[in-house]
>>> print(open('work-v1.txt').read())   # compact mmCIF, C-alpha atoms
# COMPACT_ATOMS: atom_id res chain seq x y z
CA MET O 1 51.16 40.85 -175.78
CA ALA O 2 48.40 38.48 -176.83
CA ALA O 3 44.82 39.53 -177.49
CA PRO O 4 41.98 37.39 -176.10
CA LEU O 5 41.20 34.31 -178.18
CA SER O 6 38.20 32.04 -178.59
CA VAL O 7 39.27 28.41 -179.18
CA GLU O 8 37.68 24.99 -179.01
CA VAL O 9 39.54 22.44 -176.88
CA GLU O 10 38.50 18.83 -177.33
CA PHE O 11 39.50 15.60 -175.58
CA GLY O 12 39.14 12.05 -176.89
CA GLY O 13 40.34 8.47 -176.65
CA GLY O 14 39.69 8.43 -172.92
CA ALA O 15 41.48 11.71 -172.11
CA GLU O 16 38.06 13.26 -171.45
CA LEU O 17 37.87 11.25 -168.23
CA LEU O 18 40.35 13.70 -166.72
CA PHE O 19 38.04 16.59 -167.61
CA ASP O 20 34.80 15.51 -165.98
CA GLY O 21 33.96 13.37 -169.00
CA ILE O 22 33.33 16.48 -171.10
CA LYS O 23 34.78 16.19 -174.58
CA LYS O 24 34.29 19.65 -176.08
CA HIS O 25 35.12 22.88 -174.32
CA GLN O 26 34.56 26.33 -175.82
CA VAL O 27 37.28 28.39 -174.24
CA THR O 28 38.05 32.09 -174.11
CA LEU O 29 41.71 32.75 -173.44
CA PRO O 30 42.20 36.15 -171.83
CA GLU O 31 44.51 38.91 -172.94
CA GLN O 32 47.96 38.33 -171.49
CA GLU O 33 51.60 39.36 -171.60
CA GLY O 34 53.06 36.35 -173.39
CA PRO O 35 51.86 34.72 -176.64
CA TRP O 36 49.06 32.17 -176.78
CA ASP O 37 51.02 29.20 -178.01
CA ILE O 38 50.31 25.53 -177.20
CA ARG O 39 52.85 25.67 -174.36
CA ASN O 40 50.86 28.39 -172.62
CA LEU O 41 47.56 26.74 -173.53
CA LEU O 42 48.67 23.62 -171.64
CA VAL O 43 49.46 25.72 -168.58
CA TRP O 44 46.02 27.29 -168.84
CA ILE O 45 44.33 23.88 -169.29
CA LYS O 46 46.11 22.45 -166.27
CA LYS O 47 45.01 25.40 -164.17
CA ASN O 48 41.44 25.80 -165.41
CA LEU O 49 40.13 22.56 -166.94
CA LEU O 50 42.07 19.58 -165.61
CA LYS O 51 40.09 17.96 -162.81
CA GLU O 52 42.39 15.18 -161.63
CA ARG O 53 45.76 13.43 -161.94
CA PRO O 54 47.66 16.00 -164.00
CA GLU O 55 50.53 13.54 -164.52
CA LEU O 56 48.27 11.50 -166.82
CA PHE O 57 47.92 14.45 -169.19
CA ILE O 58 50.96 16.67 -168.78
CA GLN O 59 54.63 15.79 -168.49
CA GLY O 60 57.03 18.68 -167.97
CA ASP O 61 55.86 21.49 -170.24
CA SER O 62 54.34 19.16 -172.81
CA VAL O 63 51.71 16.44 -173.04
CA ARG O 64 52.40 12.96 -171.70
CA PRO O 65 53.91 10.68 -174.40
CA GLY O 66 51.04 8.80 -176.00
CA ILE O 67 48.70 11.79 -176.17
CA LEU O 68 48.21 13.01 -179.74
CA VAL O 69 47.58 16.66 -180.45
CA LEU O 70 45.65 17.75 -183.54
CA ILE O 71 45.32 21.46 -184.36
CA ASN O 72 42.51 22.11 -186.85
CA ASP O 73 42.64 18.40 -187.71
CA ALA O 74 46.38 18.36 -188.42
CA ASP O 75 49.11 16.69 -186.35
CA TRP O 76 50.87 19.35 -184.29
CA GLU O 77 54.20 17.92 -185.49
CA LEU O 78 53.52 19.68 -188.80
CA LEU O 79 52.77 22.98 -187.12
CA GLY O 80 55.58 23.48 -184.62
CA GLU O 81 54.20 21.54 -181.65
CA LEU O 82 54.44 23.62 -178.47
CA ASP O 83 55.51 26.73 -180.40
CA TYR O 84 52.42 26.90 -182.61
CA GLN O 85 50.76 30.31 -182.20
CA LEU O 86 47.03 29.93 -181.62
CA GLN O 87 44.61 31.87 -183.82
CA ASP O 88 41.04 32.88 -183.04
CA GLN O 89 38.57 30.01 -183.70
CA ASP O 90 41.30 27.34 -183.76
CA SER O 91 40.35 23.87 -182.63
CA VAL O 92 42.79 21.79 -180.55
CA LEU O 93 42.07 18.09 -180.04
CA PHE O 94 43.93 15.88 -177.54
CA ILE O 95 43.51 12.14 -178.18
CA SER O 96 44.87 9.62 -175.71
CA THR O 97 46.28 6.41 -177.18
CA LEU O 98 47.13 5.00 -173.76
CA HIS O 99 44.69 2.19 -173.27
CA GLY O 100 44.08 -1.34 -174.48
CA GLY O 101 42.50 -1.78 -177.87
CA MET X 1 54.35 27.59 -189.84
CA PRO X 2 51.58 26.54 -192.25
CA ALA X 3 51.13 22.81 -192.88
CA PRO X 4 52.56 21.50 -196.18
CA THR X 5 50.39 20.20 -199.02
CA CYS X 6 49.58 16.49 -199.25
CA ALA X 7 52.35 14.67 -201.12
CA SER X 8 49.85 12.20 -202.59
CA CYS X 9 46.91 14.22 -203.96
CA GLY X 10 48.80 17.52 -204.08
CA VAL X 11 45.56 19.34 -203.33
CA ALA X 12 44.53 19.09 -199.70
CA ARG X 13 46.49 20.40 -196.75
CA ALA X 14 48.61 17.68 -195.12
CA ALA X 15 47.27 16.43 -191.79
CA LEU X 16 50.17 14.27 -190.63
CA ARG X 17 53.62 13.00 -191.46
CA ARG X 18 54.10 9.22 -191.78
CA PRO X 19 56.72 8.21 -189.21
CA ARG X 20 58.67 5.83 -191.44
CA SER X 21 58.79 7.70 -194.73
CA GLY X 22 58.37 11.24 -193.45
CA GLN X 23 55.77 11.75 -196.17
CA ALA X 24 53.15 14.43 -195.43
CA LEU X 25 49.62 13.27 -196.26
CA CYS X 26 46.09 14.59 -195.88
CA GLY X 27 43.61 12.57 -193.80
CA SER X 28 41.97 10.94 -196.78
CA CYS X 29 45.22 9.89 -198.50
CA PHE X 30 46.61 8.65 -195.20
CA CYS X 31 43.59 6.39 -194.69
CA ALA X 32 43.99 5.02 -198.21
CA ALA X 33 47.70 4.36 -197.58
CA PHE X 34 46.92 2.68 -194.26
CA GLU X 35 44.39 0.36 -195.90
CA ALA X 36 46.81 -0.41 -198.75
CA GLU X 37 49.48 -1.39 -196.22
CA VAL X 38 47.15 -3.75 -194.38
CA LEU X 39 46.23 -5.30 -197.72
CA ARG X 40 49.92 -5.68 -198.56
CA THR X 41 50.64 -7.29 -195.15
CA VAL X 42 47.82 -9.79 -195.69
CA LEU X 43 48.70 -10.61 -199.29
CA ALA X 44 52.48 -10.80 -198.82
CA GLY X 45 52.11 -13.15 -195.86
CA ARG X 46 49.27 -15.11 -197.51
CA LEU X 47 47.51 -14.59 -194.21
CA LEU X 48 43.87 -14.76 -195.33
CA PRO X 49 43.34 -16.77 -198.51
CA PRO X 50 40.20 -16.46 -200.66
CA GLY X 51 37.30 -18.36 -199.13
CA ALA X 52 38.57 -17.87 -195.58
CA VAL X 53 36.01 -17.36 -192.83
CA VAL X 54 37.75 -14.90 -190.56
CA ALA X 55 36.89 -14.56 -186.89
CA VAL X 56 37.79 -11.04 -185.76
CA GLY X 57 38.56 -10.75 -182.06
CA ALA X 58 36.41 -7.72 -181.26
CA SER X 59 36.71 -5.93 -177.93
CA GLY X 60 35.10 -2.61 -178.85
CA GLY X 61 38.50 -0.97 -178.43
CA LYS X 62 40.45 1.14 -180.89
CA ASP X 63 42.54 -1.64 -182.46
CA SER X 64 39.81 -4.21 -183.12
CA THR X 65 37.48 -1.45 -184.30
CA VAL X 66 40.03 -0.31 -186.88
CA LEU X 67 40.86 -3.92 -187.79
CA ALA X 68 37.22 -4.85 -188.40
CA HIS X 69 36.58 -1.66 -190.38
CA VAL X 70 39.61 -2.14 -192.62
CA LEU X 71 38.98 -5.86 -193.21
CA ARG X 72 35.37 -5.13 -194.03
CA ALA X 73 36.54 -2.66 -196.67
CA LEU X 74 39.09 -5.17 -198.03
CA ALA X 75 36.85 -8.27 -197.77
CA PRO X 76 35.54 -8.19 -201.35
CA ARG X 77 39.09 -7.76 -202.71
CA LEU X 78 40.36 -10.64 -200.52
CA GLY X 79 37.34 -12.88 -201.01
CA ILE X 80 36.86 -13.47 -197.29
CA ALA X 81 33.87 -13.55 -194.95
CA LEU X 82 33.98 -11.86 -191.54
CA GLN X 83 32.60 -12.94 -188.18
CA LEU X 84 32.95 -10.79 -185.07
CA VAL X 85 33.80 -12.72 -181.91
CA ALA X 86 33.74 -10.89 -178.60
CA VAL X 87 34.96 -12.33 -175.32
CA ASP X 88 33.12 -11.63 -172.06
CA GLU X 89 35.67 -12.15 -169.28
CA GLY X 90 33.16 -11.27 -166.58
CA ILE X 91 34.72 -8.02 -165.41
CA GLY X 92 32.13 -5.87 -163.71
CA GLY X 93 32.08 -2.18 -164.49
CA TYR X 94 34.06 -2.62 -167.68
CA ARG X 95 33.19 -5.44 -170.05
CA ASP X 96 29.45 -4.68 -170.25
CA ALA X 97 30.12 -1.20 -171.57
CA ALA X 98 32.72 -2.50 -174.03
CA LEU X 99 30.32 -5.20 -175.28
CA ALA X 100 27.66 -2.56 -175.83
CA ALA X 101 30.13 -0.80 -178.13
CA VAL X 102 30.79 -4.04 -180.04
CA ARG X 103 27.08 -4.73 -180.43
CA SER X 104 26.46 -1.31 -181.88
CA GLN X 105 29.42 -1.75 -184.25
CA ALA X 106 28.12 -5.14 -185.41
CA GLU X 107 24.77 -3.56 -186.18
CA ARG X 108 26.27 -0.58 -187.97
CA TRP X 109 28.52 -2.76 -190.12
CA GLY X 110 25.99 -5.53 -190.70
CA LEU X 111 28.40 -8.18 -189.39
CA PRO X 112 27.41 -11.26 -187.35
CA LEU X 113 28.53 -11.15 -183.72
CA THR X 114 29.09 -14.04 -181.30
CA VAL X 115 29.88 -13.45 -177.64
CA VAL X 116 31.70 -16.13 -175.63
CA ALA X 117 31.80 -15.87 -171.84
CA TYR X 118 34.49 -17.18 -169.48
CA ALA X 119 31.77 -18.16 -167.03
CA ASP X 120 30.26 -20.55 -169.60
CA LEU X 121 33.53 -21.94 -170.90
CA PHE X 122 35.53 -22.25 -167.71
CA GLY X 123 33.15 -23.64 -165.12
CA GLY X 124 31.95 -20.36 -163.68
CA TRP X 125 35.38 -18.71 -163.47
CA THR X 126 34.94 -15.03 -164.32
CA MET X 127 37.96 -12.73 -164.24
CA ASP X 128 36.50 -11.08 -161.17
CA ALA X 129 36.51 -14.50 -159.45
CA VAL X 130 40.09 -15.19 -160.58
CA ALA X 131 41.15 -11.78 -159.31
CA ARG X 132 39.58 -12.46 -155.93
CA SER X 133 41.25 -15.85 -155.68
CA THR X 134 44.69 -14.48 -156.55
CA ALA X 135 44.47 -11.45 -154.29
CA GLY X 136 46.81 -11.54 -151.31
CA SER X 137 48.91 -14.30 -152.86
CA GLY X 138 52.02 -12.56 -151.60
CA ARG X 139 53.13 -11.13 -154.91
CA SER X 140 51.69 -8.41 -157.07
CA ARG X 141 48.34 -9.59 -158.36
CA ASN X 142 48.74 -10.98 -161.82
CA CYS X 143 45.24 -12.01 -162.76
CA CYS X 144 46.09 -10.50 -166.14
CA THR X 145 48.45 -13.40 -166.80
CA PHE X 146 45.51 -15.80 -166.45
CA CYS X 147 43.30 -13.61 -168.57
CA GLY X 148 45.69 -13.72 -171.51
CA VAL X 149 45.67 -17.51 -171.52
CA LEU X 150 41.91 -17.79 -171.05
CA ARG X 151 41.08 -15.17 -173.66
CA ARG X 152 43.12 -17.00 -176.32
CA ARG X 153 41.21 -20.16 -175.50
CA ALA X 154 37.85 -18.38 -175.50
CA LEU X 155 38.57 -16.77 -178.87
CA GLU X 156 39.46 -20.19 -180.27
CA GLU X 157 36.14 -21.59 -179.01
CA GLY X 158 34.18 -18.68 -180.44
CA ALA X 159 35.92 -19.03 -183.79
CA ARG X 160 35.09 -22.74 -183.96
CA LEU X 161 31.47 -22.02 -183.06
CA VAL X 162 31.10 -19.81 -186.12
CA GLY X 163 33.00 -22.14 -188.43
CA ALA X 164 35.97 -19.84 -188.87
CA THR X 165 39.10 -20.94 -190.69
CA HIS X 166 41.28 -18.11 -189.37
CA ILE X 167 41.45 -15.82 -186.36
CA VAL X 168 42.61 -12.20 -186.53
CA THR X 169 43.34 -9.84 -183.67
CA GLY X 170 44.05 -6.13 -183.67
CA HIS X 171 47.52 -6.11 -182.12
CA ASN X 172 49.50 -3.15 -183.43
CA ALA X 173 53.27 -2.64 -183.62
CA ASP X 174 53.39 -1.08 -180.15
CA ASP X 175 51.59 -4.09 -178.65
CA MET X 176 54.03 -6.44 -180.37
CA ALA X 177 57.04 -4.46 -179.14
CA GLU X 178 55.67 -4.48 -175.58
CA THR X 179 55.18 -8.24 -175.80
CA VAL X 180 58.77 -8.74 -176.95
CA LEU X 181 60.04 -6.67 -174.01
CA MET X 182 57.85 -8.58 -171.59
CA ASN X 183 59.07 -11.94 -172.84
CA PHE X 184 62.69 -10.88 -172.47
CA LEU X 185 62.06 -9.48 -169.00
CA ARG X 186 60.36 -12.68 -167.87
CA GLY X 187 62.91 -15.00 -169.41
CA ASP X 188 60.18 -16.68 -171.44
CA ALA X 189 62.27 -18.90 -173.69
CA GLY X 190 59.17 -20.59 -175.06
CA ARG X 191 57.66 -17.45 -176.50
CA LEU X 192 60.95 -15.91 -177.55
CA ALA X 193 61.70 -19.07 -179.50
CA ARG X 194 58.46 -18.64 -181.36
CA GLY X 195 59.62 -15.37 -182.87
CA GLY X 196 59.34 -13.34 -179.70
CA GLY X 197 55.70 -14.36 -179.34
CA LEU X 198 54.61 -12.55 -182.46
CA GLY X 199 52.38 -14.99 -184.22
CA SER X 200 51.10 -18.49 -184.64
CA GLY X 201 50.67 -20.61 -187.72
CA GLY X 202 48.28 -22.82 -185.84
CA GLU X 203 50.17 -25.55 -184.06
CA GLY X 204 48.43 -28.85 -183.45
CA CYS X 205 44.81 -28.26 -184.31
CA ALA X 206 44.64 -24.61 -183.28
CA LEU X 207 43.25 -22.23 -185.90
CA PRO X 208 45.83 -20.07 -187.67
CA ARG X 209 46.02 -16.60 -186.18
CA CYS X 210 47.44 -13.41 -187.52
CA ARG X 211 47.66 -9.73 -186.77
CA PRO X 212 47.06 -7.66 -189.90
CA LEU X 213 47.84 -4.44 -188.00
CA GLN X 214 51.14 -5.65 -186.59
CA LEU X 215 53.18 -3.22 -188.68
CA ALA X 216 50.92 -0.26 -187.91
CA SER X 217 52.05 2.04 -185.12
CA GLN X 218 49.53 2.71 -182.38
CA LYS X 219 49.53 6.38 -183.23
CA GLU X 220 48.52 5.65 -186.81
CA VAL X 221 45.76 3.30 -185.68
CA VAL X 222 44.28 6.10 -183.57
CA LEU X 223 44.67 8.64 -186.38
CA TYR X 224 42.99 6.27 -188.83
CA ALA X 225 40.06 5.88 -186.44
CA HIS X 226 39.92 9.67 -186.12
CA PHE X 227 39.90 10.42 -189.85
CA ARG X 228 37.40 7.66 -190.59
CA ARG X 229 35.25 8.91 -187.68
CA LEU X 230 35.13 5.48 -186.04
CA ARG X 231 33.61 5.26 -182.58
CA TYR X 232 35.29 2.94 -180.08
CA PHE X 233 35.40 2.18 -176.38
CA SER X 234 38.39 3.80 -174.74
CA GLU X 235 38.51 2.88 -171.09
CA ASP X 236 41.18 0.69 -169.58
CA CYS X 237 40.25 -2.61 -167.96
CA VAL X 238 39.79 -2.17 -164.21
CA TYR X 239 42.68 -4.58 -163.60
CA ALA X 240 45.02 -2.97 -166.12
CA PRO X 241 46.93 -0.82 -163.59
CA GLU X 242 48.24 -4.05 -162.05
CA ALA X 243 49.31 -5.67 -165.29
CA PHE X 244 53.00 -6.12 -165.95
CA ARG X 245 52.46 -4.83 -169.48
CA GLY X 246 52.11 -1.31 -168.06
CA HIS X 247 55.80 -1.30 -167.15
CA ALA X 248 56.77 -2.45 -170.62
CA ARG X 249 54.51 0.21 -172.13
CA ASP X 250 56.00 3.05 -170.06
CA LEU X 251 59.52 1.92 -170.94
CA LEU X 252 58.62 1.69 -174.61
CA LYS X 253 57.11 5.18 -174.67
CA ARG X 254 60.29 6.62 -173.17
CA LEU X 255 62.46 4.68 -175.60
CA GLU X 256 60.31 5.86 -178.50
CA ALA X 257 60.75 9.48 -177.47
CA ALA X 258 64.51 9.03 -177.72
CA ARG X 259 64.48 6.81 -180.79
CA PRO X 260 61.20 6.84 -182.81
CA SER X 261 62.00 3.67 -184.76
CA ALA X 262 62.52 1.64 -181.56
CA VAL X 263 59.02 0.16 -181.73
CA LEU X 264 59.30 -1.38 -185.17
CA ASP X 265 62.99 -2.22 -184.67
CA LEU X 266 62.09 -4.32 -181.59
CA VAL X 267 59.49 -6.22 -183.59
CA HIS X 268 61.94 -6.89 -186.40
CA SER X 269 64.62 -8.04 -183.96
CA ALA X 270 62.24 -10.55 -182.40
CA GLU X 271 61.26 -11.95 -185.78
CA ARG X 272 64.91 -12.67 -186.49
CA LEU X 273 65.63 -14.32 -183.15
CA SER X 274 66.76 -17.89 -182.97
CA LEU X 275 67.43 -19.61 -179.66
CA ALA X 276 70.52 -21.73 -178.99
CA PRO X 277 69.60 -25.43 -179.40
CA ALA X 278 70.37 -26.20 -175.73
CA VAL X 279 67.61 -23.90 -174.47
CA ARG X 280 64.94 -24.48 -177.09
CA PRO X 281 61.86 -25.86 -175.32
CA PRO X 282 59.94 -28.84 -176.73
CA ARG X 283 56.99 -27.95 -178.94
CA PRO X 284 53.61 -27.65 -177.21
CA GLY X 285 51.13 -30.44 -177.76
CA ALA X 286 47.41 -30.75 -177.31
CA CYS X 287 45.62 -31.62 -174.09
CA SER X 288 44.61 -35.26 -174.17
CA ARG X 289 41.33 -34.48 -172.43
CA CYS X 290 39.88 -31.66 -174.47
CA GLY X 291 42.28 -31.13 -177.34
CA GLY X 292 43.15 -27.60 -176.26
CA ARG X 293 46.73 -26.47 -176.78
CA ARG X 294 48.79 -27.00 -173.64
CA GLY X 295 52.18 -27.83 -172.08
CA PRO X 296 54.93 -27.74 -171.72
CA CYS X 297 53.31 -24.91 -169.86
CA GLU X 298 53.28 -21.69 -171.86
CA GLU X 299 53.57 -19.75 -168.69
CA PRO X 300 56.90 -18.32 -167.58
CA PRO X 301 58.65 -20.03 -164.65
CA GLY X 302 57.25 -18.94 -161.31
CA SER X 303 53.97 -17.71 -162.71
CA PRO X 304 50.98 -18.94 -160.67
CA ALA X 305 49.34 -20.12 -163.87
CA CYS X 306 52.16 -22.68 -163.97
CA ASP X 307 52.18 -23.68 -160.31
CA PRO X 308 51.30 -27.35 -159.90
CA ALA X 309 51.09 -26.89 -156.12
CA ALA X 310 48.11 -24.59 -156.39
CA PRO X 311 45.63 -26.21 -158.77
CA ALA X 312 42.68 -24.51 -157.13
CA ALA X 313 44.00 -21.09 -158.03
CA ARG X 314 45.02 -22.16 -161.50
CA PRO X 315 42.38 -22.30 -164.20
CA GLY X 316 45.32 -23.72 -166.14
CA PRO X 317 46.78 -23.18 -169.54
CA CYS X 318 44.46 -25.98 -170.46
CA ALA X 319 41.21 -24.69 -169.08
CA CYS X 320 39.50 -28.05 -168.82
CA GLU X 321 41.42 -28.93 -165.64
>>> encode(input="work-v1.txt", output="structure tokens")
Amino acid sequence: MAAPLSVEVEFGGGAELLFDGIKKHQVTLPEQEGPWDIRNLLVWIKKNLLKERPELFIQGDSVRPGILVLINDADWELLGELDYQLQDQDSVLFISTLHGG
Amino acid sequence: MPAPTCASCGVARAALRRPRSGQALCGSCFCAAFEAEVLRTVLAGRLLPPGAVVAVGASGGKDSTVLAHVLRALAPRLGIALQLVAVDEGIGGYRDAALAAVRSQAERWGLPLTVVAYADLFGGWTMDAVARSTAGSGRSRNCCTFCGVLRRRALEEGARLVGATHIVTGHNADDMAETVLMNFLRGDAGRLARGGGLGSGGEGCALPRCRPLQLASQKEVVLYAHFRRLRYFSEDCVYAPEAFRGHARDLLKRLEAARPSAVLDLVHSAERLSLAPAVRPPRPGACSRCGGRRGPCEEPPGSPACDPAAPAARPGPCACE
């Protein structure tokens, strides 16, 4: 049972184009049965924020390879990736690396 | 699971783990390590000697932004001068916005910027015009193949204009690995013979080129830009979806998921390649008309850029034709 959470979800490196060009989103995640981990956050994002072409952002139950995830400015690899349990006021940043440089 | 402490300063919380060493570093120590590695790459390969005037191929994108920023920080230590050179391929709805990003970077960094346009260099041929002329040619449109050839030439011209002694581009390890895959897939003996297409010491009278970021993974380039708060232009070229490189990139990403070291391993394999004598192509010479590097054609067999039967559609590996 997860209590409602207030988190900041941010998109960069071109990923924002899939979200109406808006980079920062202040999000309130409602109370729900299961935990608020990154896995469930992605489901929520796909349902509520993603405007187009989900396959460019999500692959299976994770992000498309080439999209970096930083939680409070740290690589999610250090924090358990999809299993990381979100806390109130956390900031999650998705940066796409999938374009020419 | 709380993040570990930085292995370098021992004070700050670690922000990432380096892929090769597994070392956990904070943002600040990672950036310092990244810069130290670029310095090591340049010094070990004697890539940019003291006194060099270095033309930086600047597109406004993530790689050239990071490259210019790092070289600017290292310039006093290396004793080099920097010139930004941006190429305007004439791609509507894309290049103007990217050039705006380069201009604002040049101003912020206090670096001189020169823009060279395809239209000026190649008799009015913009990439949009090339794309239109190659559309409906019966195979998948490969205007990108032309663009690669033309951009190299344009960068060379821009570098000469500013009196550069060396050219640097922002290719990262992922780019190099993709290029190796592409050359194998296209049977490009010429480029594979030259170390998989990874670099050029400056054959004939071409300026020496190098890629100081070639050992940096794309992920680390993006993270460096993030921690140094660098702004860059992050849209794909409008023609990119048609480029063959996309296939190589998708394949590489899948391979990397299964085997993280695949990217750098591919680059190292290519560097160690040597072709059998029977298939080694003759060395390229210079065009007798304009001195540009040309033929035997650099283009893979069957590529329209190499098709002598269609000169009108071929700006040519030597663009003066």
>>> residues_around(input="work-v1.txt", residues="range 28-32 of chain O", least_positions_apart="3", cutoff="8 Å", atoms="only C-alpha atoms", output="JSON list (two decimals) with C-alpha atoms, in the coordinates of the input")
[["chain", "number", "residue", "atom", "x", "y", "z"],
["O", 1, "MET", "CA", 51.16, 40.85, -175.78],
["O", 2, "ALA", "CA", 48.40, 38.48, -176.83],
["O", 3, "ALA", "CA", 44.82, 39.53, -177.49],
["O", 4, "PRO", "CA", 41.98, 37.39, -176.10],
["O", 5, "LEU", "CA", 41.20, 34.31, -178.18],
["O", 6, "SER", "CA", 38.20, 32.04, -178.59],
["O", 7, "VAL", "CA", 39.27, 28.41, -179.18],
["O", 35, "PRO", "CA", 51.86, 34.72, -176.64]]
>>> residues_around(input="work-v1.txt", residues="Lys24 in chain O", least_positions_apart="4", cutoff="9 Å", atoms="all atoms listed in the file", output="VMD selection string")
chain O and resid 8 to 11 16 93
>>> write_last_selection(input="work-v1.txt", atoms="C-alpha atoms", output="short mmCIF file (atom, residue, chain, number, x, y, z; two decimals), keeping the file's coordinate frame")
data_model
loop_
_atom_site.label_atom_id
_atom_site.label_comp_id
_atom_site.auth_asym_id
_atom_site.auth_seq_id
_atom_site.Cartn_x
_atom_site.Cartn_y
_atom_site.Cartn_z
CA GLU O 8 37.68 24.99 -179.01
CA VAL O 9 39.54 22.44 -176.88
CA GLU O 10 38.50 18.83 -177.33
CA PHE O 11 39.50 15.60 -175.58
CA GLU O 16 38.06 13.26 -171.45
CA LEU O 93 42.07 18.09 -180.04
#
>>> interface_residues(input="work-v1.txt", of="chain O", to="chain X", cutoff="7 Å", atoms="all atoms listed in the file", output="PyMOL selection string")
chain O and resi 13-14+65+73-75+78-80+97+99-101
>>> closest_residue(input="work-v1.txt", among="O:His25, O:Val92, O:Phe57, O:Gly12", to="Leu41 in chain O", atoms="only C-alpha atoms")
O:Val92
>>> closest_residue(input="work-v1.txt", among="X:Leu47, X:Leu273, X:Val38, X:Cys29", to="Leu67 in chain X", atoms="all atoms listed in the file")
X:Val38
>>> atom_distance(input="work-v1.txt", atom1="CA of His69 in chain X", atom2="CA of Leu230 in chain X")
8.5 Å
>>> atom_distance(input="work-v1.txt", atom1="CA of Ala15 in chain O", atom2="CA of Ile71 in chain O")
16.1 Å
>>> atom_distance(input="work-v1.txt", atom1="CA of Leu192 in chain X", atom2="CA of Pro277 in chain X")
13.0 Å
>>> closest_residue(input="work-v1.txt", among="O:Asp83, O:Glu77, O:Asp20, O:Asp61", to="Trp44 in chain O", atoms="all atoms listed in the file")
O:Asp61
>>> closest_residue(input="work-v1.txt", among="X:Met182, X:Ala216, X:Ala86, X:Ala164", to="Tyr118 in chain X", atoms="all atoms listed in the file")
X:Ala86
>>> axis_aligned_box(input="work-v1.txt", around="range 255-268 of chain X", padding_each_side="4 Å", output="JSON")
{"center_x": 61.8, "center_y": 1.3, "center_z": -181.0, "size_x": 13.5, "size_y": 24.4, "size_z": 18.8}
>>> closest_residue(input="work-v1.txt", among="X:Val87, X:Leu213, X:Ala12, X:Ile167", to="Val70 in chain X", atoms="all atoms listed in the file")
X:Leu213
>>> closest_residue(input="work-v1.txt", among="O:Val63, O:Leu56, O:Leu82, O:Leu70", to="Ile38 in chain O", atoms="all atoms listed in the file")
O:Leu82
>>> residues_near_point(input="work-v1.txt", point="(32.5, -14.3, -164.3)", cutoff="10 Å", atoms="all atoms listed in the file", output="ChimeraX atom specification")
/X:88-92,117-120,122-130
>>> write_last_selection(input="work-v1.txt", atoms="C-alpha atoms", output="PDB file, keeping the file's coordinate frame")
ATOM      1  CA  ASP X  88      33.120 -11.630-172.060  1.00  0.00           C
ATOM      2  CA  GLU X  89      35.670 -12.150-169.280  1.00  0.00           C
ATOM      3  CA  GLY X  90      33.160 -11.270-166.580  1.00  0.00           C
ATOM      4  CA  ILE X  91      34.720  -8.020-165.410  1.00  0.00           C
ATOM      5  CA  GLY X  92      32.130  -5.870-163.710  1.00  0.00           C
ATOM      6  CA  ALA X 117      31.800 -15.870-171.840  1.00  0.00           C
ATOM      7  CA  TYR X 118      34.490 -17.180-169.480  1.00  0.00           C
ATOM      8  CA  ALA X 119      31.770 -18.160-167.030  1.00  0.00           C
ATOM      9  CA  ASP X 120      30.260 -20.550-169.600  1.00  0.00           C
ATOM     10  CA  PHE X 122      35.530 -22.250-167.710  1.00  0.00           C
ATOM     11  CA  GLY X 123      33.150 -23.640-165.120  1.00  0.00           C
ATOM     12  CA  GLY X 124      31.950 -20.360-163.680  1.00  0.00           C
ATOM     13  CA  TRP X 125      35.380 -18.710-163.470  1.00  0.00           C
ATOM     14  CA  THR X 126      34.940 -15.030-164.320  1.00  0.00           C
ATOM     15  CA  MET X 127      37.960 -12.730-164.240  1.00  0.00           C
ATOM     16  CA  ASP X 128      36.500 -11.080-161.170  1.00  0.00           C
ATOM     17  CA  ALA X 129      36.510 -14.500-159.450  1.00  0.00           C
ATOM     18  CA  VAL X 130      40.090 -15.190-160.580  1.00  0.00           C
TER      19      VAL X 130
END
